[in-house]
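Here is the file data15.tsv (TSV, C-alpha atoms and all ligand atoms).
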chain	number	residue	atom	x	y	z
A	1	MET	CA	-6.58	-0.99	26.10
A	2	ALA	CA	-3.58	1.14	25.05
A	3	ILE	CA	-1.26	-0.18	22.33
A	4	ILE	CA	1.71	1.72	23.83
A	5	GLU	CA	0.84	3.14	27.25
A	6	GLY	CA	1.01	6.94	27.18
A	7	TRP	CA	1.91	7.10	23.47
A	8	LEU	CA	-0.77	5.25	21.53
A	9	PRO	CA	-3.17	6.77	22.44
A	10	PRO	CA	-0.94	9.67	23.48
A	11	THR	CA	-1.34	11.68	26.68
A	12	ARG	CA	-1.83	15.41	26.13
A	13	ALA	CA	1.87	16.06	26.85
A	14	HIS	CA	2.97	13.33	24.42
A	15	TYR	CA	0.54	14.59	21.77
A	16	ASP	CA	2.03	18.08	22.06
A	17	LEU	CA	5.54	16.63	21.77
A	18	ILE	CA	4.75	14.44	18.73
A	19	LEU	CA	2.94	17.30	17.00
A	20	ARG	CA	5.81	19.73	17.63
A	21	ALA	CA	8.36	17.24	16.26
A	22	TRP	CA	6.07	16.59	13.25
A	23	GLN	CA	5.79	20.33	12.55
A	24	LEU	CA	9.47	21.16	12.99
A	25	ALA	CA	11.46	18.07	11.99
A	26	PHE	CA	9.64	16.70	8.96
A	27	PRO	CA	9.91	19.62	6.48
A	28	PRO	CA	13.74	19.85	6.71
A	29	LEU	CA	14.01	16.04	6.50
A	30	ALA	CA	11.80	15.92	3.39
A	31	SER	CA	13.81	18.77	1.85
A	32	ILE	CA	16.82	16.44	1.58
A	33	GLN	CA	15.08	15.27	-1.61
A	34	TRP	CA	16.12	18.57	-3.24
A	35	LEU	CA	19.76	17.49	-2.85
A	36	VAL	CA	19.61	13.71	-3.32
A	37	ARG	CA	18.28	12.15	-6.52
A	38	TRP	CA	17.98	8.63	-5.04
A	39	TYR	CA	14.28	7.91	-4.54
A	40	PRO	CA	13.73	4.22	-5.18
A	41	MET	CA	10.06	3.93	-6.12
A	42	GLY	CA	7.95	4.45	-9.25
A	43	LYS	CA	9.78	5.92	-12.25
A	44	THR	CA	12.99	6.16	-10.23
A	45	SER	CA	12.77	2.65	-8.80
A	46	VAL	CA	16.14	0.82	-8.76
A	47	ALA	CA	17.09	-2.86	-8.82
A	48	SER	CA	17.76	-3.85	-5.20
A	49	ARG	CA	17.47	-6.86	-2.93
A	50	LEU	CA	15.71	-4.50	-0.50
A	51	ASN	CA	12.83	-3.84	-2.91
A	52	LEU	CA	9.29	-4.81	-1.96
A	53	PRO	CA	6.59	-5.65	-4.53
A	54	GLY	CA	4.79	-2.36	-5.38
A	55	ARG	CA	1.22	-3.38	-4.60
A	56	ALA	CA	1.93	-5.05	-1.23
A	57	ALA	CA	4.30	-2.24	-0.20
A	58	TRP	CA	1.74	0.43	-1.05
A	59	MET	CA	-1.01	-1.31	0.95
A	60	THR	CA	1.09	-1.99	4.03
A	61	MET	CA	2.67	1.47	4.20
A	62	GLU	CA	-0.58	3.43	3.69
A	63	ALA	CA	-3.22	1.38	5.57
A	64	PRO	CA	-1.77	1.82	9.10
A	65	GLY	CA	-2.65	5.54	8.88
A	66	PHE	CA	-6.41	5.25	8.69
A	67	LEU	CA	-6.41	2.17	10.97
A	68	THR	CA	-4.59	4.23	13.63
A	69	LEU	CA	-7.06	7.08	13.24
A	70	LEU	CA	-10.00	4.66	13.58
A	71	TYR	CA	-8.40	3.08	16.67
A	72	LEU	CA	-7.88	6.48	18.33
A	73	MET	CA	-11.37	7.70	17.50
A	74	SER	CA	-12.92	4.56	18.94
A	75	THR	CA	-10.90	4.51	22.19
A	76	MET	CA	-9.84	8.04	23.14
A	77	PRO	CA	-13.21	9.78	23.66
A	78	ALA	CA	-14.23	7.36	26.44
A	79	ARG	CA	-10.82	7.72	28.12
A	80	HIS	CA	-11.36	11.49	28.18
A	81	GLY	CA	-14.93	11.32	29.44
A	82	VAL	CA	-16.47	12.29	26.07
A	83	GLU	CA	-19.76	10.45	25.66
A	84	ASP	CA	-20.70	11.63	22.21
A	85	LEU	CA	-18.29	13.15	19.70
A	86	PRO	CA	-19.76	16.08	17.74
A	87	TRP	CA	-20.74	15.23	14.16
A	88	GLN	CA	-17.94	17.44	12.79
A	89	ASN	CA	-15.30	15.20	14.42
A	90	ARG	CA	-16.91	12.12	12.89
A	91	VAL	CA	-17.27	13.70	9.45
A	92	LEU	CA	-13.60	14.78	9.37
A	93	GLY	CA	-12.52	11.31	10.53
A	94	GLY	CA	-14.75	9.90	7.76
A	95	LEU	CA	-13.09	12.08	5.09
A	96	PHE	CA	-9.67	10.80	6.16
A	97	VAL	CA	-10.88	7.19	6.03
A	98	ILE	CA	-12.51	7.69	2.61
A	99	HIS	CA	-9.27	9.06	1.14
A	100	TYR	CA	-7.08	6.34	2.61
A	101	SER	CA	-9.48	3.49	1.81
A	102	TYR	CA	-8.93	4.55	-1.79
A	103	ARG	CA	-5.20	5.18	-1.48
A	104	ALA	CA	-4.30	2.11	0.61
A	105	ILE	CA	-6.72	-0.51	-0.72
A	106	ALA	CA	-8.51	0.41	-3.97
A	107	TYR	CA	-5.56	2.27	-5.58
A	108	PRO	CA	-3.00	-0.58	-5.50
A	109	LEU	CA	-5.66	-3.03	-6.66
A	110	LEU	CA	-6.73	-0.77	-9.54
A	111	GLN	CA	-3.20	-0.06	-10.82
A	112	PRO	CA	-2.48	-2.24	-13.88
A	113	SER	CA	1.16	-2.44	-12.69
A	114	MET	CA	3.34	-0.84	-10.02
A	115	ALA	CA	7.10	-0.51	-9.81
A	116	PRO	CA	8.81	-2.06	-6.77
A	117	ILE	CA	9.32	0.12	-3.70
A	118	HIS	CA	12.55	0.11	-1.69
A	119	VAL	CA	12.15	-0.80	1.98
A	120	PHE	CA	13.59	2.64	2.91
A	121	VAL	CA	10.77	4.48	1.12
A	122	TRP	CA	8.25	2.01	2.57
A	123	ALA	CA	9.50	2.67	6.12
A	124	ALA	CA	9.50	6.46	5.61
A	125	ALA	CA	5.92	6.38	4.28
A	126	LEU	CA	4.83	4.13	7.18
A	127	CYS	CA	6.28	6.60	9.73
A	128	PHE	CA	4.51	9.45	7.92
A	129	GLN	CA	1.21	7.60	8.18
A	130	LEU	CA	1.57	6.64	11.84
A	131	ILE	CA	2.65	10.09	13.05
A	132	ASN	CA	0.14	11.98	10.93
A	133	ALA	CA	-2.78	9.76	11.98
A	134	THR	CA	-1.73	9.98	15.65
A	135	CYS	CA	-1.78	13.79	15.52
A	136	LEU	CA	-5.03	14.12	13.57
A	137	GLY	CA	-6.76	11.25	15.38
A	138	SER	CA	-5.89	12.63	18.82
A	139	TRP	CA	-7.13	16.10	17.88
A	140	LEU	CA	-10.39	14.68	16.50
A	141	SER	CA	-10.92	12.37	19.49
A	142	ALA	CA	-9.95	14.43	22.52
A	143	TYR	CA	-7.64	17.42	22.04
A	144	GLY	CA	-9.64	19.47	19.52
A	145	PRO	CA	-13.16	20.94	19.79
A	146	LEU	CA	-15.61	18.61	21.54
A	147	THR	CA	-18.83	20.62	21.82
A	148	ALA	CA	-21.21	22.38	19.43
A	149	ASP	CA	-20.13	25.76	20.86
A	150	ALA	CA	-16.46	24.95	20.39
A	151	TRP	CA	-17.17	23.99	16.76
A	152	ALA	CA	-19.16	27.17	16.13
A	153	ALA	CA	-16.00	29.09	17.06
A	154	GLN	CA	-13.57	26.68	15.36
A	155	SER	CA	-15.26	26.36	11.96
A	156	PRO	CA	-18.71	27.88	11.37
A	157	LEU	CA	-21.06	25.74	9.26
A	158	PRO	CA	-20.57	27.57	5.90
A	159	GLN	CA	-16.79	27.25	6.27
A	160	PHE	CA	-17.10	23.57	7.20
A	161	ALA	CA	-19.36	22.93	4.17
A	162	LEU	CA	-17.06	24.82	1.78
A	163	GLY	CA	-14.05	22.92	3.11
A	164	MET	CA	-15.82	19.61	2.53
A	165	LEU	CA	-16.72	20.66	-1.00
A	166	LEU	CA	-13.09	21.54	-1.70
A	167	PHE	CA	-12.04	18.18	-0.26
A	168	TYR	CA	-14.36	16.30	-2.63
A	169	VAL	CA	-13.27	18.39	-5.64
A	170	GLY	CA	-9.65	17.51	-4.80
A	171	LEU	CA	-10.50	13.82	-4.28
A	172	ALA	CA	-12.33	13.64	-7.63
A	173	GLY	CA	-9.41	15.40	-9.37
A	174	ASN	CA	-6.88	13.09	-7.72
A	175	PHE	CA	-8.86	10.01	-8.80
A	176	PHE	CA	-9.41	11.35	-12.35
A	177	HIS	CA	-5.69	11.96	-12.95
A	178	ASP	CA	-4.65	8.67	-11.28
A	179	GLU	CA	-7.13	7.05	-13.67
A	180	GLU	CA	-5.52	8.72	-16.70
A	181	LEU	CA	-2.18	7.17	-15.73
A	182	ARG	CA	-3.88	3.77	-15.35
A	183	GLU	CA	-5.47	4.22	-18.77
A	184	ILE	CA	-2.03	4.66	-20.38
A	185	ARG	CA	-0.98	1.26	-19.00
A	186	ARG	CA	-4.28	-0.39	-20.01
A	187	ARG	CA	-3.97	0.93	-23.58
A	188	ALA	CA	-0.36	-0.25	-23.77
A	189	ALA	CA	-1.34	-3.72	-22.51
A	190	ALA	CA	-4.18	-3.91	-25.07
A	191	ARG	CA	-1.78	-2.88	-27.89
A	192	GLN	CA	0.69	-5.54	-26.78
A	193	THR	CA	-2.01	-8.23	-26.80
A	194	ASN	CA	-3.15	-7.10	-30.25
A	195	ASN	CA	0.41	-7.19	-31.56
A	196	LYS	CA	0.91	-10.71	-30.15
A	197	ASN	CA	-2.35	-11.91	-31.71
A	198	ASN	CA	-1.42	-10.36	-35.07
A	199	LYS	CA	2.00	-12.01	-34.98
A	200	ASN	CA	0.44	-15.38	-34.18
A	201	THR	CA	-2.00	-14.97	-37.09
A	202	ALA	CA	0.82	-13.90	-39.45
A	203	GLY	CA	2.78	-17.07	-38.61
A	204	PRO	CA	6.42	-17.74	-37.63
A	205	SER	CA	7.93	-15.61	-40.44
A	206	SER	CA	6.90	-12.33	-38.75
A	207	LYS	CA	9.64	-10.78	-36.56
A	208	ALA	CA	9.38	-9.10	-33.16
A	209	ASN	CA	10.17	-5.41	-33.45
A	210	GLY	CA	11.89	-4.08	-30.38
A	211	SER	CA	9.43	-4.71	-27.55
A	212	GLY	CA	12.18	-4.20	-24.93
A	213	GLY	CA	13.19	-0.78	-26.35
A	214	SER	CA	13.13	2.31	-24.19
A	215	SER	CA	11.42	4.78	-26.56
A	216	SER	CA	8.83	4.74	-29.33
A	217	SER	CA	9.72	6.00	-32.79
A	218	ASN	CA	7.87	9.31	-32.24
A	219	GLY	CA	9.33	9.71	-28.73
A	220	THR	CA	6.00	9.85	-26.88
A	221	SER	CA	6.25	6.55	-25.01
A	222	ALA	CA	8.97	4.68	-23.16
A	223	THR	CA	9.64	1.64	-21.01
A	224	SER	CA	11.57	1.87	-17.76
A	225	ALA	CA	14.29	-0.29	-16.23
A	226	HIS	CA	11.53	-2.39	-14.63
A	227	HIS	CA	9.84	-2.74	-18.07
A	228	HIS	CA	6.85	-0.55	-17.28
A	229	HIS	CA	5.34	1.54	-20.03
A	230	TYR	CA	5.32	5.34	-19.68
A	231	GLU	CA	3.82	8.07	-21.88
A	232	ILE	CA	3.43	11.81	-21.43
A	233	PRO	CA	-0.13	12.01	-20.07
A	234	GLN	CA	-2.40	14.55	-21.79
A	235	ALA	CA	-5.92	14.47	-20.32
A	236	GLY	CA	-7.45	17.00	-17.91
A	237	LEU	CA	-4.90	19.12	-16.05
A	238	PHE	CA	-2.09	17.00	-17.52
A	239	ARG	CA	-2.34	19.44	-20.42
A	240	TYR	CA	-0.77	22.08	-18.18
A	241	MET	CA	1.26	20.14	-15.61
A	242	LEU	CA	2.88	16.76	-15.10
A	243	TYR	CA	1.66	16.11	-11.54
A	244	PRO	CA	-2.00	17.23	-11.35
A	245	HIS	CA	-2.78	14.15	-9.20
A	246	TYR	CA	-0.41	15.55	-6.55
A	247	PHE	CA	-1.85	19.06	-6.96
A	248	CYS	CA	-5.42	17.74	-6.50
A	249	GLU	CA	-4.35	15.85	-3.38
A	250	TRP	CA	-3.10	19.15	-1.93
A	251	VAL	CA	-6.50	20.69	-2.76
A	252	GLU	CA	-8.12	17.83	-0.83
A	253	TRP	CA	-6.13	18.45	2.33
A	254	LEU	CA	-6.53	22.22	2.00
A	255	GLY	CA	-10.30	21.57	2.02
A	256	PHE	CA	-9.87	19.34	5.07
A	257	LEU	CA	-7.93	22.11	6.85
A	258	MET	CA	-10.57	24.67	5.94
A	259	ALA	CA	-13.34	22.43	7.32
A	260	ALA	CA	-11.34	21.67	10.48
A	261	GLY	CA	-10.72	25.39	11.00
A	262	TRP	CA	-7.64	27.49	10.27
A	263	THR	CA	-6.29	26.93	13.80
A	264	CYS	CA	-6.23	23.12	13.49
A	265	ALA	CA	-2.48	22.53	13.98
A	266	PRO	CA	-2.38	18.83	12.91
A	267	ALA	CA	-4.29	19.60	9.67
A	268	TRP	CA	-1.77	22.40	8.93
A	269	ALA	CA	1.13	20.03	9.66
A	270	PHE	CA	-0.39	17.41	7.34
A	271	LEU	CA	-0.77	19.86	4.43
A	272	VAL	CA	2.68	21.43	4.90
A	273	ASN	CA	4.34	17.99	5.18
A	274	GLU	CA	2.54	16.69	2.08
A	275	VAL	CA	3.81	19.68	0.11
A	276	ALA	CA	7.31	19.29	1.60
A	277	SER	CA	7.49	15.64	0.49
A	278	MET	CA	5.66	15.84	-2.86
A	279	LEU	CA	6.96	19.13	-4.30
A	280	PRO	CA	10.59	17.97	-4.77
A	281	ARG	CA	9.26	14.66	-6.14
A	282	ALA	CA	7.20	16.48	-8.77
A	283	VAL	CA	10.11	18.76	-9.73
A	284	SER	CA	12.51	15.81	-10.11
A	285	GLY	CA	9.70	13.96	-11.93
A	286	LYS	CA	9.62	16.75	-14.53
A	287	ARG	CA	13.38	16.33	-14.94
A	288	TRP	CA	12.76	12.60	-15.52
A	289	TYR	CA	10.17	13.35	-18.25
A	290	VAL	CA	12.56	15.80	-19.98
A	291	GLU	CA	15.46	13.31	-19.84
A	292	ARG	CA	13.27	10.47	-21.08
A	293	PHE	CA	11.17	12.17	-23.76
A	294	GLY	CA	13.05	15.39	-24.56
A	295	ALA	CA	12.23	19.01	-23.71
A	296	ASP	CA	10.31	19.53	-26.96
A	297	LYS	CA	7.88	16.68	-26.17
A	298	VAL	CA	7.31	17.87	-22.60
A	299	GLY	CA	6.77	21.37	-23.95
A	300	LYS	CA	5.44	24.05	-21.65
A	301	LYS	CA	3.98	21.71	-19.05
A	302	TRP	CA	4.73	22.80	-15.48
A	303	ALA	CA	5.77	20.24	-12.87
A	304	ILE	CA	2.97	21.02	-10.42
A	305	ILE	CA	2.34	24.75	-9.83
A	306	PRO	CA	1.32	26.53	-13.05
A	307	GLY	CA	3.30	29.73	-13.53
A	308	LEU	CA	5.81	28.82	-10.82
A	309	LEU	CA	7.28	25.29	-10.88
B	1	LIG	N1	4.79	9.86	-3.69
B	1	LIG	C1	4.38	10.55	-2.64
B	1	LIG	O1	5.17	11.08	-1.85
B	1	LIG	C2	2.90	10.68	-2.36
B	1	LIG	C3	2.54	11.22	-1.15
B	1	LIG	C4	1.19	11.36	-0.85
B	1	LIG	C5	0.26	10.97	-1.79
B	1	LIG	N2	0.62	10.46	-2.99
B	1	LIG	C6	-0.43	10.11	-3.95
B	1	LIG	O2	-0.28	8.77	-4.38
B	1	LIG	C7	-0.58	8.65	-5.78
B	1	LIG	C8	0.58	8.00	-6.48
B	1	LIG	O3	1.75	8.72	-6.22
B	1	LIG	P1	3.10	8.38	-6.98
B	1	LIG	O4	4.15	9.22	-6.36
B	1	LIG	O5	3.30	6.90	-7.06
B	1	LIG	O6	2.71	8.95	-8.45
B	1	LIG	P2	3.36	8.64	-9.87
B	1	LIG	O7	4.84	8.53	-9.77
B	1	LIG	O8	2.80	9.61	-10.83
B	1	LIG	O9	2.83	7.15	-10.24
B	1	LIG	C9	1.47	6.82	-10.15
B	1	LIG	C10	1.20	5.49	-10.89
B	1	LIG	O10	1.07	5.74	-12.28
B	1	LIG	C11	2.12	5.11	-13.01
B	1	LIG	N3	2.67	6.15	-13.88
B	1	LIG	C12	3.29	7.29	-13.46
B	1	LIG	N4	3.63	8.06	-14.52
B	1	LIG	C13	3.21	7.39	-15.61
B	1	LIG	C14	3.28	7.67	-17.01
B	1	LIG	N5	3.85	8.78	-17.47
B	1	LIG	N6	2.77	6.76	-17.91
B	1	LIG	C15	2.20	5.62	-17.43
B	1	LIG	N7	2.10	5.30	-16.12
B	1	LIG	C16	2.60	6.17	-15.22
B	1	LIG	C17	3.14	4.61	-11.99
B	1	LIG	O11	3.70	3.41	-12.45
B	1	LIG	P3	5.11	2.83	-11.87
B	1	LIG	O12	4.81	2.45	-10.44
B	1	LIG	O13	5.43	1.68	-12.73
B	1	LIG	O14	6.11	3.96	-11.95
B	1	LIG	C18	2.30	4.45	-10.74
B	1	LIG	O15	1.72	3.16	-10.70
B	1	LIG	C19	-0.88	10.07	-6.29
B	1	LIG	O16	-2.25	10.23	-6.49
B	1	LIG	C20	-0.36	10.98	-5.20
B	1	LIG	O17	-1.16	12.13	-5.07
B	1	LIG	C21	1.94	10.30	-3.28
Let me see the structure of the file written as structure tokens.
Ligand SMILES: NC(=O)c1ccc[n+]([C@@H]2O[C@H](COP(=O)([O-])OP(=O)(O)OC[C@H]3O[C@@H](n4cnc5c(N)ncnc54)[C@H](OP(=O)(O)O)[C@@H]3O)[C@@H](O)[C@H]2O)c1
Amino acid sequence: MAIIEGWLPPTRAHYDLILRAWQLAFPPLASIQWLVRWYPMGKTSVASRLNLPGRAAWMTMEAPGFLTLLYLMSTMPARHGVEDLPWQNRVLGGLFVIHYSYRAIAYPLLQPSMAPIHVFVWAAALCFQLINATCLGSWLSAYGPLTADAWAAQSPLPQFALGMLLFYVGLAGNFFHDEELREIRRRAAARQTNNKNNKNTAGPSSKANGSGGSSSSNGTSATSAHHHHYEIPQAGLFRYMLYPHYFCEWVEWLGFLMAAGWTCAPAWAFLVNEVASMLPRAVSGKRWYVERFGADKVGKKWAIIPGLL
């Protein structure tokens, strides 16, 4: 049964239309971030009645993507007379689901704390997920290669294998650097508990010393408006750049594109649109680090592309 007749799953004409709009309209829209500093989530979260709790917002804006892809892959082949999808279609669908099971479910549960997310950012991310999954899911289910011969021409086995390898390298790097940020919060929470315990042991004469302050004495840690603890991360690629988790995510989707074949239009659109939305965020994120910690503490770290930005 269709969720929206003709659109979800989309007919071939509607798929072409959605994909074209996704390719042409999203990059200029995302580029508005270069001009506007308002981006109410994470470090730049603001106090607003339209804020949603970080964890719940993250789950509900990210999960519809892989659920849509699963829905399309389980309904579209039969509608198009495809009895058995080639293994490449299933593997690529699986890679997408693996990434988003982490991003939508495990990631928000693993984060020690998350800043609130404004409903505007939540809605924009939800649209991104729905459109992206509709394009990729339709291509994988019916409008891309559907036979072994078509796959041999689309992405020969060595290319497919190399693309998958790149995907997993990117996924591991993305997880590793996400984990480093989590570790900063865990260490800060442990220090706070220790301090509390020490104060309790020392008795009522001991005084609190500035727990609500915005910077540490050596300028390497800070708390935000929503009282979350930030430090300049140092492990792994954080030595060279401030957003290696973003960079590794791009590597993931470059690997996906390589495996899907260089002519896979929805995989291209996905990669280009990820870069269009995350690049300005990383560049303004570097500005945030410099304003918060000072240029000397940030040092020579790039925002996201070593040697360039
Ligand atoms: N944002 C996007 O447009 C986007 C798009 C696609 C994929 N992703 C992926 O989603 C993941 C998260 O993205 P994001 O934009 O939320 O990344 P982010 O701004 O770096 O934040 C990631 C998490 O780490 C915490 N954090 C960030 N910097 C920290 C620091 N210096 N010290 C301690 N904790 C810190 C944040 O806490 P707070 O929440 O309290 O700030 C947040 O929970 C990344 O792996 C990224 O690749 C993001």
*Show which residues sit within 8 Å of Ala276 in chain A, as a VMD selection string. Count only C-alpha atoms, and ignore same-chain residues fewer than 2 positions away.*
chain A and resid 27 30 to 31 272 to 274 278 to 280
*Please provide as an MDAnalysis selection string all residues within 9 Å of Gly163 in chain A, with the sequence filter that same-chain residues fewer than 3 positions apart are discarded (counting all atoms listed in the file).*
chainID A and resid 158:160 166:168 252 254:261
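Across A:Ile117, A:Ala189, A:Leu85, A:Leu72, the tightest approach to His229 in chain A is made by A:Ala189 when counting all atoms listed in the file.
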*Residues up to 6 Å from ligand LIG 1 (chain B), counting only C-alpha atoms and all ligand atoms: could you list those as an NGL selection string?*
:A and (42-43 or 111 or 113-115 or 174 or 178 or 181 or 184-185 or 228-233 or 245-246 or 249 or 277-278)
*Sel. within 12 Å of pt (-13.6, 12.9, 25.3), counting all atoms listed in the file, output as an NGL selection string*: :A and (72-86 or 89 or 138-147)
*Can you work out the spacing between CA of Gly94 in chain A and CA of Leu70 in chain A in Å, to one decimal?*
9.2 Å
*Taking (-6.5, 3.1, 0.2) in the file's coordinates as the center, which residues reach within 10 Å of it, counting only C-alpha atoms, put as a list in words?*
Trp58, Met59, Thr60, Glu62, Ala63, Gly65, Phe66, Val97, Ile98, His99, Tyr100, Ser101, Tyr102, Arg103, Ala104, Ile105, Ala106, Tyr107, Pro108 and Leu109 of chain A
Once you have the residues from the selection above, write them out as a short mmCIF file (atom, residue, chain, number, x, y, z; two decimals), in the frame of the given file, restricted to C-alpha atoms.
data_model
loop_
_atom_site.label_atom_id
_atom_site.label_comp_id
_atom_site.auth_asym_id
_atom_site.auth_seq_id
_atom_site.Cartn_x
_atom_site.Cartn_y
_atom_site.Cartn_z
CA TRP A 58 1.74 0.43 -1.05
CA MET A 59 -1.01 -1.31 0.95
CA THR A 60 1.09 -1.99 4.03
CA GLU A 62 -0.58 3.43 3.69
CA ALA A 63 -3.22 1.38 5.57
CA GLY A 65 -2.65 5.54 8.88
CA PHE A 66 -6.41 5.25 8.69
CA VAL A 97 -10.88 7.19 6.03
CA ILE A 98 -12.51 7.69 2.61
CA HIS A 99 -9.27 9.06 1.14
CA TYR A 100 -7.08 6.34 2.61
CA SER A 101 -9.48 3.49 1.81
CA TYR A 102 -8.93 4.55 -1.79
CA ARG A 103 -5.20 5.18 -1.48
CA ALA A 104 -4.30 2.11 0.61
CA ILE A 105 -6.72 -0.51 -0.72
CA ALA A 106 -8.51 0.41 -3.97
CA TYR A 107 -5.56 2.27 -5.58
CA PRO A 108 -3.00 -0.58 -5.50
CA LEU A 109 -5.66 -3.03 -6.66
#
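What separates CA of Thr68 in chain A from CA of Ala267 in chain A is a distance of 15.9 Å.
Going from CA of Gly299 in chain A over to CA of Leu237 in chain A, you cover 14.3 Å.
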*Any idea what's packed within 8 Å of range 130-133 of chain A, counting all atoms listed in the file, ignoring anything in its chain fewer than 4 positions away? Could you give it as an NGL selection string?*
:A and (18 or 22 or 64-66 or 68-69 or 126 or 137 or 266 or 270)
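Comparing the minimum interatomic distances between Gln23 in chain A and each of A:Met61, A:Val298, A:Leu242, A:Leu271, counting all atoms listed in the file, we find that A:Leu271 sits nearest.
With all atoms listed in the file as the basis for measurement, A:Arg55 is the residue among A:Leu165, A:Val91, A:Arg55, A:Leu136 that approaches Trp122 in chain A most closely.
Distances here use all atoms listed in the file; by that measure, the residue among A:Lys199, A:His177, A:Arg49, A:Arg186 closest to Pro112 in chain A is A:Arg186.
Taking all atoms listed in the file into account, Ala265 in chain A lies nearest to A:Cys135 out of the set A:Leu110, A:Cys135, A:Leu95, A:Val36.
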